[in-house]
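Q: Please find my_file-v3.txt (compact mmCIF, C-alpha atoms) on the next line:
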# COMPACT_ATOMS: atom_id res chain seq x y z
CA MET A 9 97.48 64.41 -153.31
CA LYS A 10 99.46 61.36 -152.33
CA LYS A 11 98.44 61.85 -148.67
CA PHE A 12 94.80 62.04 -149.67
CA ALA A 13 95.03 58.88 -151.74
CA LEU A 14 96.79 57.03 -148.91
CA THR A 15 94.21 58.17 -146.39
CA PHE A 16 91.37 57.06 -148.68
CA LEU A 17 92.87 53.58 -149.09
CA VAL A 18 93.27 53.17 -145.31
CA LEU A 19 89.62 54.13 -144.70
CA MET A 20 88.42 51.71 -147.40
CA SER A 21 90.42 48.89 -145.83
CA LEU A 22 88.90 49.54 -142.41
CA GLY A 23 85.40 49.56 -143.90
CA LEU A 24 85.90 46.21 -145.65
CA ALA A 25 87.31 44.67 -142.45
CA ALA A 26 84.25 45.82 -140.50
CA GLN A 27 81.87 44.28 -143.04
CA ALA A 28 83.78 40.98 -142.96
CA GLY A 29 83.30 40.63 -139.16
CA PRO A 30 81.10 37.96 -137.45
CA GLU A 31 77.47 37.70 -138.64
CA VAL A 32 74.67 38.44 -136.19
CA TYR A 33 71.40 36.41 -136.52
CA SER A 34 68.05 37.59 -135.32
CA GLY A 35 65.73 35.33 -133.37
CA LYS A 36 63.69 34.67 -136.51
CA ASP A 37 66.77 33.36 -138.35
CA MET A 38 67.65 30.75 -135.66
CA LYS A 39 67.01 27.11 -136.67
CA GLN A 40 64.09 25.47 -134.82
CA VAL A 41 64.82 21.95 -133.44
CA ALA A 42 61.66 19.78 -133.33
CA PRO A 43 61.15 17.66 -130.19
CA PRO A 44 61.46 13.89 -130.70
CA PRO A 45 58.15 12.12 -131.45
CA CYS A 46 56.43 10.40 -128.53
CA PRO A 47 56.34 6.57 -128.55
CA GLU A 48 53.29 4.88 -130.06
CA TRP A 49 52.44 1.62 -128.28
CA TYR A 50 49.71 0.46 -130.71
CA ALA A 51 50.45 -0.07 -134.38
CA ASP A 52 48.43 0.03 -137.58
CA ASN A 53 47.67 -3.32 -139.24
CA GLU A 54 48.43 -5.28 -136.05
CA TRP A 55 47.75 -8.90 -135.10
CA ASN A 56 46.69 -9.51 -131.47
CA VAL A 57 46.58 -12.91 -129.74
CA SER A 58 45.25 -12.95 -126.15
CA VAL A 59 45.21 -15.69 -123.51
CA TRP A 60 43.02 -15.12 -120.44
CA GLY A 61 41.27 -16.60 -117.45
CA THR A 62 37.56 -16.00 -116.98
CA TYR A 63 34.81 -16.02 -114.36
CA ALA A 64 31.20 -16.46 -115.50
CA PHE A 65 28.11 -15.80 -113.39
CA THR A 66 24.44 -16.25 -114.25
CA GLY A 67 21.96 -13.40 -114.42
CA ASN A 68 19.41 -15.38 -112.38
CA ASP A 69 19.61 -17.71 -109.43
CA TRP A 70 20.98 -21.09 -110.52
CA ARG A 71 17.58 -22.71 -109.91
CA ASP A 72 16.08 -20.44 -112.56
CA ASP A 73 18.95 -20.56 -115.05
CA ARG A 74 18.36 -22.84 -118.01
CA TYR A 75 21.83 -23.13 -119.53
CA ILE A 76 24.82 -22.87 -117.18
CA ASP A 77 22.73 -24.32 -114.30
CA ALA A 78 25.08 -22.88 -111.66
CA ASP A 79 25.65 -19.56 -109.92
CA HIS A 80 29.16 -19.28 -111.35
CA ALA A 81 31.86 -21.09 -113.32
CA TRP A 82 35.63 -20.70 -113.80
CA GLY A 83 37.63 -21.27 -116.96
CA GLY A 84 39.77 -19.68 -119.65
CA GLY A 85 40.04 -18.91 -123.31
CA LEU A 86 41.89 -17.19 -126.12
CA ASP A 87 41.15 -14.91 -129.04
CA ALA A 88 42.91 -13.63 -132.15
CA LYS A 89 42.22 -10.28 -133.84
CA TYR A 90 43.54 -8.25 -136.74
CA PHE A 91 43.37 -4.45 -136.32
CA PHE A 92 43.00 -2.12 -139.28
CA HIS A 93 44.68 1.27 -138.69
CA ARG A 94 44.86 0.46 -134.94
CA TYR A 95 41.21 1.35 -134.27
CA PHE A 96 39.11 -1.48 -135.80
CA GLY A 97 39.64 -5.20 -135.41
CA VAL A 98 37.95 -8.43 -136.48
CA GLY A 99 38.67 -11.76 -134.88
CA ILE A 100 37.62 -15.08 -133.43
CA GLU A 101 37.24 -16.02 -129.76
CA GLY A 102 36.95 -19.34 -127.94
CA TRP A 103 36.51 -20.18 -124.26
CA ALA A 104 35.47 -22.97 -121.88
CA VAL A 105 34.31 -23.01 -118.23
CA ASP A 106 33.65 -25.72 -115.66
CA SER A 107 30.06 -25.62 -114.39
CA ASN A 108 29.26 -27.48 -111.16
CA ARG A 109 25.60 -28.42 -111.64
CA GLN A 110 23.25 -29.61 -108.88
CA THR A 111 21.45 -32.86 -109.80
CA PHE A 112 18.57 -34.89 -108.36
CA ASP A 113 16.90 -38.23 -109.04
CA LEU A 114 13.38 -39.04 -107.80
CA ASN A 115 11.52 -42.18 -108.80
CA GLY A 116 8.55 -44.16 -107.46
CA ASN A 117 5.00 -43.34 -106.42
CA ILE A 118 3.23 -41.58 -103.56
CA ARG A 119 3.55 -44.69 -101.35
CA SER A 120 7.16 -45.63 -102.07
CA PHE A 121 9.94 -43.69 -103.80
CA THR A 122 13.69 -43.17 -103.93
CA PHE A 123 15.46 -39.82 -103.93
CA SER A 124 19.08 -38.79 -104.37
CA GLU A 125 20.92 -35.58 -105.16
CA GLY A 126 24.46 -34.66 -106.05
CA GLN A 127 26.75 -32.53 -108.19
CA GLU A 128 27.95 -32.89 -111.75
CA HIS A 129 30.81 -31.06 -113.50
CA ASN A 130 29.99 -29.94 -117.03
CA LEU A 131 32.35 -28.33 -119.52
CA ILE A 132 30.60 -25.44 -121.28
CA GLY A 133 32.31 -23.71 -124.21
CA SER A 134 31.72 -21.20 -126.95
CA VAL A 135 33.21 -20.04 -130.27
CA LEU A 136 32.38 -16.54 -131.54
CA GLY A 137 33.30 -14.10 -134.27
CA THR A 138 34.05 -10.58 -132.93
CA PHE A 139 34.31 -6.97 -134.08
CA THR A 140 36.35 -4.65 -131.81
CA LEU A 141 36.66 -0.87 -131.62
CA ARG A 142 39.61 0.43 -129.58
CA TYR A 143 40.95 3.93 -128.99
CA PRO A 144 44.60 4.11 -127.89
CA PHE A 145 45.36 7.36 -126.07
CA GLN A 146 48.13 9.18 -127.97
CA CYS A 147 51.60 8.73 -126.45
CA SER A 148 50.02 6.46 -123.80
CA ARG A 149 50.16 2.77 -122.92
CA PHE A 150 46.37 2.71 -122.32
CA ALA A 151 43.70 1.72 -124.84
CA PRO A 152 40.01 1.29 -123.90
CA TYR A 153 37.96 -0.94 -126.20
CA VAL A 154 34.46 -2.28 -126.82
CA TRP A 155 33.35 -5.23 -128.89
CA VAL A 156 30.38 -7.24 -130.12
CA GLY A 157 30.37 -10.93 -130.97
CA GLY A 158 28.16 -13.76 -132.03
CA GLY A 159 28.47 -17.51 -132.40
CA GLY A 160 27.54 -20.79 -130.77
CA ILE A 161 27.63 -22.12 -127.22
CA PHE A 162 27.60 -25.82 -126.28
CA GLY A 163 27.75 -28.17 -123.30
CA GLY A 164 25.07 -26.46 -121.20
CA GLY A 165 21.32 -26.74 -120.89
CA GLN A 166 21.35 -30.04 -119.01
CA ARG A 167 18.53 -30.41 -116.52
CA ASP A 168 16.55 -32.91 -114.48
CA GLU A 169 12.75 -32.85 -114.76
CA LEU A 170 10.17 -34.67 -112.67
CA VAL A 171 7.44 -36.20 -114.86
CA ILE A 172 4.27 -38.18 -114.08
CA THR A 173 3.61 -41.29 -116.15
CA ASN A 174 0.54 -41.33 -118.33
CA THR A 175 -0.57 -44.79 -117.27
CA ASP A 176 -0.59 -44.10 -113.52
CA PRO A 177 -0.97 -40.54 -112.13
CA THR A 178 0.51 -41.66 -108.80
CA THR A 179 3.76 -42.81 -110.40
CA PHE A 180 6.58 -40.37 -111.22
CA ALA A 181 10.15 -40.45 -112.46
CA THR A 182 13.06 -38.10 -113.16
CA GLU A 183 13.77 -37.37 -116.79
CA HIS A 184 17.33 -36.27 -117.59
CA HIS A 185 17.86 -33.81 -120.47
CA GLY A 186 21.28 -33.72 -122.10
CA ALA A 187 23.36 -30.78 -123.29
CA ARG A 188 22.19 -28.63 -126.18
CA THR A 189 23.87 -26.18 -128.53
CA GLU A 190 22.48 -22.64 -128.78
CA LEU A 191 23.28 -19.32 -130.43
CA VAL A 192 24.98 -16.70 -128.24
CA GLY A 193 25.41 -12.93 -128.58
CA GLN A 194 28.07 -10.97 -126.71
CA LEU A 195 28.64 -7.30 -125.88
CA GLY A 196 31.58 -6.09 -123.81
CA GLY A 197 34.19 -3.47 -122.99
CA GLY A 198 37.54 -3.21 -121.25
CA MET A 199 41.03 -1.73 -121.10
CA GLU A 200 44.47 -2.81 -122.32
CA VAL A 201 47.78 -1.61 -120.83
CA ARG A 202 50.94 -2.18 -122.88
CA PHE A 203 54.11 -3.13 -121.00
CA THR A 204 56.00 -3.11 -124.30
CA ARG A 205 54.89 -2.62 -127.90
CA HIS A 206 54.32 -6.37 -128.15
CA ILE A 207 52.98 -7.39 -124.70
CA GLY A 208 49.94 -5.99 -122.90
CA TRP A 209 47.56 -6.71 -120.02
CA VAL A 210 43.83 -6.91 -120.84
CA ASN A 211 40.87 -6.73 -118.44
CA ASP A 212 37.24 -6.63 -119.55
CA PHE A 213 33.61 -7.53 -118.90
CA SER A 214 30.97 -8.88 -121.27
CA TRP A 215 27.27 -9.71 -121.13
CA ASN A 216 26.16 -12.84 -123.00
CA VAL A 217 22.64 -13.58 -124.24
CA VAL A 218 21.57 -17.18 -124.89
CA ASP A 219 18.06 -17.84 -126.24
CA GLY A 220 15.94 -16.10 -123.63
CA ILE A 221 16.30 -14.01 -120.48
CA ASN A 222 16.70 -17.04 -118.19
CA ASN A 223 19.98 -18.04 -119.87
CA ASN A 224 21.94 -14.77 -119.80
CA PHE A 225 25.28 -14.53 -117.99
CA GLY A 226 28.18 -12.16 -117.42
CA MET A 227 31.89 -12.84 -117.92
CA VAL A 228 34.92 -11.16 -116.36
CA ARG A 229 38.25 -11.77 -118.10
CA SER A 230 41.90 -10.97 -117.35
CA GLY A 231 44.94 -12.02 -119.33
CA ILE A 232 47.96 -11.27 -121.52
CA ASN A 233 47.85 -9.92 -125.06
CA PHE A 234 50.63 -10.45 -127.62
CA ALA A 235 50.84 -7.97 -130.51
CA PHE A 236 52.66 -8.61 -133.81
Take the structure in this file and express it as structure tokens.
A:
Amino acid sequence: MKKFALTFLVLMSLGLAAQAGPEVYSGKDMKQVAPPPCPEWYADNEWNVSVWGTYAFTGNDWRDDRYIDADHAWGGGLDAKYFFHRYFGVGIEGWAVDSNRQTFDLNGNIRSFTFSEGQEHNLIGSVLGTFTLRYPFQCSRFAPYVWVGGGGIFGGGQRDELVITNTDPTTFATEHHGARTELVGQLGGGMEVRFTRHIGWVNDFSWNVVDGINNNFGMVRSGINFAF
């Protein structure tokens, strides 16, 4: 009886030791480690301030254009925007370009007259309110965007006109018209590339409409954007 009891105790001890051995986990019980999130280069509720150079060109030949009065003009500008939830932004934009206008002066009559021509530099500028829609690619530095704007444009519209006097049909003179301010509408699109979360490179194109088809012009811009 004592041998049986001793044998039973030994077997029980071996069974408990086996149960207390190392635990084995199945594949389902292993802890899953999530990959780190990818960087987001464009933030919600973000201020953007951009500084850029610009090249403007008229839709018609300069002889037919009635506002910039030149084939092209160079200049620069800046804009500030506030983006809601990274996709929608409202802002204000201002720019100025140097237009090199051809001039002429003709005075006299059919028997005797004087004529001269030259060039005149005019500063043409605009201030507009804008609404921008952008779509940053997830985990990417790239964000295409489109925008619409509207405001005023000033400094252009100067022209020289040959008129005949009412008192003598054979007498003529050049009448000089000064600059005028007009409304302008703008539609454009482009791409931003972020070097860091706070500095990016912007390139875009816009078409601008000024009181009639003979005044329309395009603008190409390139510059640096600062995000806060």
Q: Which neighbours of Gln127 (chain A) fall inside 6 Å, counting only C-alpha atoms, when residues of the same chain fewer than 5 positions from it are skipped, and could you give them as a list in words?
A: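 Once the adjacent positions are removed, what remains is Arg109, Gln110 and Thr111 of chain A.
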Q: Write out as a ChimeraX atom specification the residues lying within 8 Å of Ala235 (chain A), counting only C-alpha atoms and excluding same-chain residues fewer than 6 positions away.
A: /A:54-57,205-208
Q: Pick from A:Pro152, A:Gly157, A:Gly61, A:Gly226: nearest to Arg202 (chain A), with all atoms listed in the file counted?
A: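 Once distances to Arg202 (chain A) are computed over all atoms listed in the file, the minimum belongs to A:Pro152.
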Q: Suppose you want the space between CA of Gly85 (chain A) and CA of Gly102 (chain A); what is it in Å?
A: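 Computing it gives 5.6 Å between the two atoms.
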Q: In Å to one decimal, how far is CA of Asn211 (chain A) from CA of Asn223 (chain A)?
A: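 Pair CA of Asn223 (chain A) / CA of Asn211 (chain A) returns 23.8 Å.
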Q: Can I get the residues of region 108-144 of chain A within 7 Å of region 176-190 of chain A, each with the closest pair of atoms and their distance in Å to one decimal, using all atoms listed in the file, sorted chain first then ascending number, as JSON lines?
A:
{"residue": "A:Asp113", "atom": "CA", "partner": "A:Thr182", "partner_atom": "CA", "distance": 5.6}
{"residue": "A:Leu114", "atom": "CA", "partner": "A:Thr182", "partner_atom": "CA", "distance": 5.5}
{"residue": "A:Asn115", "atom": "CA", "partner": "A:Ala181", "partner_atom": "CA", "distance": 4.3}
{"residue": "A:Gly116", "atom": "CA", "partner": "A:Phe180", "partner_atom": "CA", "distance": 5.7}
{"residue": "A:Asn117", "atom": "CA", "partner": "A:Thr179", "partner_atom": "CA", "distance": 4.2}
{"residue": "A:Ile118", "atom": "CA", "partner": "A:Thr178", "partner_atom": "CA", "distance": 5.9}
Q: Need the neighbours of (46.6, -0.2, -132.6): which residues are at most 6 Å away, counting all atoms listed in the file, as a compact mmCIF listing (two decimals) with C-alpha atoms, in the coordinates of the input?
A:
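As a result, selection-v1.txt now contains:
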# COMPACT_ATOMS: atom_id res chain seq x y z
CA TYR A 50 49.71 0.46 -130.71
CA ALA A 51 50.45 -0.07 -134.38
CA ASP A 52 48.43 0.03 -137.58
CA ARG A 94 44.86 0.46 -134.94
CA TYR A 95 41.21 1.35 -134.27
Q: Mind running region 122-176 of chain A against region 192-199 of chain A at 7 Å and telling me each contacting residue's nearest atom pair with the distance in Å (one decimal), counting all atoms listed in the file, chain and number ascending, as a Markdown table?
A:
| residue | atom | partner | partner_atom | distance |
| --- | --- | --- | --- | --- |
| A:Ala151 | CA | A:Met199 | CA | 5.7 |
| A:Pro152 | CA | A:Met199 | CA | 4.2 |
| A:Tyr153 | CA | A:Gly198 | CA | 5.5 |
| A:Val154 | CA | A:Gly197 | CA | 4.0 |
| A:Trp155 | CA | A:Gly196 | CA | 5.4 |
| A:Val156 | CA | A:Leu195 | CA | 4.6 |
| A:Gly157 | CA | A:Gln194 | CA | 4.8 |
| A:Gly158 | CA | A:Gly193 | CA | 4.5 |
| A:Gly159 | CA | A:Val192 | CA | 5.5 |
| A:Gly160 | CA | A:Val192 | CA | 5.4 |
| A:Ile161 | CA | A:Val192 | CA | 6.1 |
Q: Set the distance at 9 Å and use all atoms listed in the file: which residues neighbour Phe150 (chain A) once local chain neighbours fewer than 5 positions away are removed? I'd like the list as a list in words.
A: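 Skipping anything fewer than 5 positions along the chain leaves Trp49, Tyr143, Pro144, Phe145, Met199, Glu200, Val201 and Arg202 of chain A.
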Q: Select, from A:Thr122, A:Ser134, A:Asp77, A:Arg142, the residue with the minimum atom-to-atom distance to Val98 (chain A), counting only C-alpha atoms.
A: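 Result for the nearest residue to Val98 (chain A): A:Arg142.
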Q: Mind pulling up the distance from CA of Leu86 (chain A) to CA of Asp106 (chain A)?
A: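 Distance between the two atoms: 15.8 Å.
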Q: Just want the 10 Å neighbourhood of Ala78 (chain A), counted on all atoms listed in the file, with same-chain residues fewer than 2 positions away dropped. Output as a ChimeraX atom specification.
A: /A:64-66,68-76,80-81,106-110
Q: With distances taken over all atoms listed in the file, which of A:Phe91, A:Phe96, A:Phe162, A:Phe225 is nearest to Leu191 (chain A)?
A: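 Once distances to Leu191 (chain A) are computed over all atoms listed in the file, the minimum belongs to A:Phe162.
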